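A quick write-up on the structure given underneath.
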Amino acid sequence: MSELGQRLREAREQKEINLDDLQKTTKIQKRYLLAIEEGNFDALPGKFYARAFVKNYAEAVGLDPEQIFQEFGNELPNPHKEGTELPSRRSVRAQKTPPNPKKKSKGYSILPALVAGVLIIAVFAGIWVFAQYTSQDRAEGVVPEEQDDRFDGEFSEEIPSEEALPDEEEEAEVGEENGTPEEVEEEVEEETQVFTQTQVSGNHSYYTLDGTNKFEVKLVANGRSYIGIANAKGNSFYASEVNEGDELDYDFSAEEEITFNMGASNNVELFINGELFERPLNAVHQKVTIAFERANE
């Protein structure tokens, strides 16, 4: 057992807190808490979790995390070495971008246009010749002298009265009363969600979400990371490591507040109601708390 682990364990035992209770308080799995006490940091999901886990452990047993880091900082692993080994989201996307095809020569790009132009001219010329030929045949087949101007039918002496004719003004009025389909359709107001930042404390950001009655969440992992999700009452929905390709979907519309705890946050994309949430901090480990204020309240 390391000196750091022994110090943390003694503080926990003085507070009469067992590992199960400490797991509920810190949202850190019991096996990781035991690994910290034994100084086995290789058992953690990543070196960058060591300081975060130790900080949460110390706060839970009443110790000052900064003082712990000063006294036992040499026992903690260096997170920067592992951070450089994980590919960033930007570099992964850059590798997936297909190479640009080689540009074709100017002669090859002009040739298809010339061929298309010649074909179009040939089509129009054929249509014009056919039209001229058809009109000429019709003109030659008409003999004005042989046309019969007689009309064997009877002419009606009745002239429709003005009352029988449709009134243009009445038609216009009917059209105005009925209205166009666009005017008849009722306008549906679309919900517009608004994020408002209320506070930033260290690596913890606080927001309010209003303008909507939905609070649907989706987290997508683009690499190895840790995700913890809890509500205002401290109930945990998720607290574990995720790998590339993992997705988490939740509907928190009935919750008042949700806190997202993300390690290696650059490997996690957070979507709120289908919209990508842009985090304000560039910290490797950060927390985001969102208070939900429904639009109809």
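Residue numbering restarts at 1 for every chain of the structure tokens, chains are lettered A, B, ... in their displayed order, and ligands are numbered from 1 as they appear.
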
Pick out the residues sitting within 7 Å of stretch 13-29 of chain A, and hand them over as a ChimeraX atom specification; count only C-alpha atoms, and ignore anything fewer than 5 positions along from it in its own chain. /A:56-57,60-61,239

Spatial neighbours of A:Phe41, 7 Å, only C-alpha atoms, chain gap at least 5 places, as a PyMOL selection string: chain A and resi 35-36+50

Find the residues near A:Gln193: any atom within 10 Å, counting only C-alpha atoms, skip ones fewer than 3 places away on the same chain, and give them as number ranges by chain. A: 190, 209-215, 272-273, 275, 294-295

For the selection just defined, write its residues with N, CA and C atoms to a file, as a compact mmCIF listing (two decimals), in the first residue's frame.
# COMPACT_ATOMS: atom_id res chain seq x y z
N GLU A 190 -42.67 26.62 -33.43
CA GLU A 190 -41.63 25.64 -33.16
C GLU A 190 -40.91 25.99 -31.85
N LEU A 209 -31.42 25.19 -19.32
CA LEU A 209 -32.04 24.85 -20.60
C LEU A 209 -33.51 25.23 -20.53
N ASP A 210 -33.95 26.17 -21.40
CA ASP A 210 -35.35 26.54 -21.44
C ASP A 210 -35.78 26.71 -22.89
N GLY A 211 -37.08 27.04 -23.08
CA GLY A 211 -37.62 27.19 -24.43
C GLY A 211 -38.09 25.89 -25.03
N THR A 212 -38.11 24.80 -24.26
CA THR A 212 -38.53 23.50 -24.77
C THR A 212 -39.07 22.68 -23.62
N ASN A 213 -39.86 21.66 -23.96
CA ASN A 213 -40.40 20.75 -22.97
C ASN A 213 -39.72 19.39 -23.02
N LYS A 214 -38.67 19.26 -23.85
CA LYS A 214 -37.95 18.00 -23.98
C LYS A 214 -36.52 18.16 -23.45
N PHE A 215 -36.04 17.10 -22.85
CA PHE A 215 -34.64 17.05 -22.39
C PHE A 215 -34.12 15.66 -22.73
N ILE A 272 -28.02 17.48 -27.05
CA ILE A 272 -29.22 17.80 -26.29
C ILE A 272 -30.35 18.03 -27.28
N ASN A 273 -31.37 17.18 -27.27
CA ASN A 273 -32.50 17.29 -28.21
C ASN A 273 -32.02 17.34 -29.66
N GLU A 275 -29.22 18.48 -30.78
CA GLU A 275 -28.30 19.58 -31.07
C GLU A 275 -26.99 19.36 -30.31
N ARG A 294 -38.79 23.96 -17.98
CA ARG A 294 -39.72 23.65 -19.07
C ARG A 294 -40.41 24.90 -19.58
N ALA A 295 -40.75 24.87 -20.87
CA ALA A 295 -41.32 26.05 -21.53
C ALA A 295 -42.73 26.33 -21.05
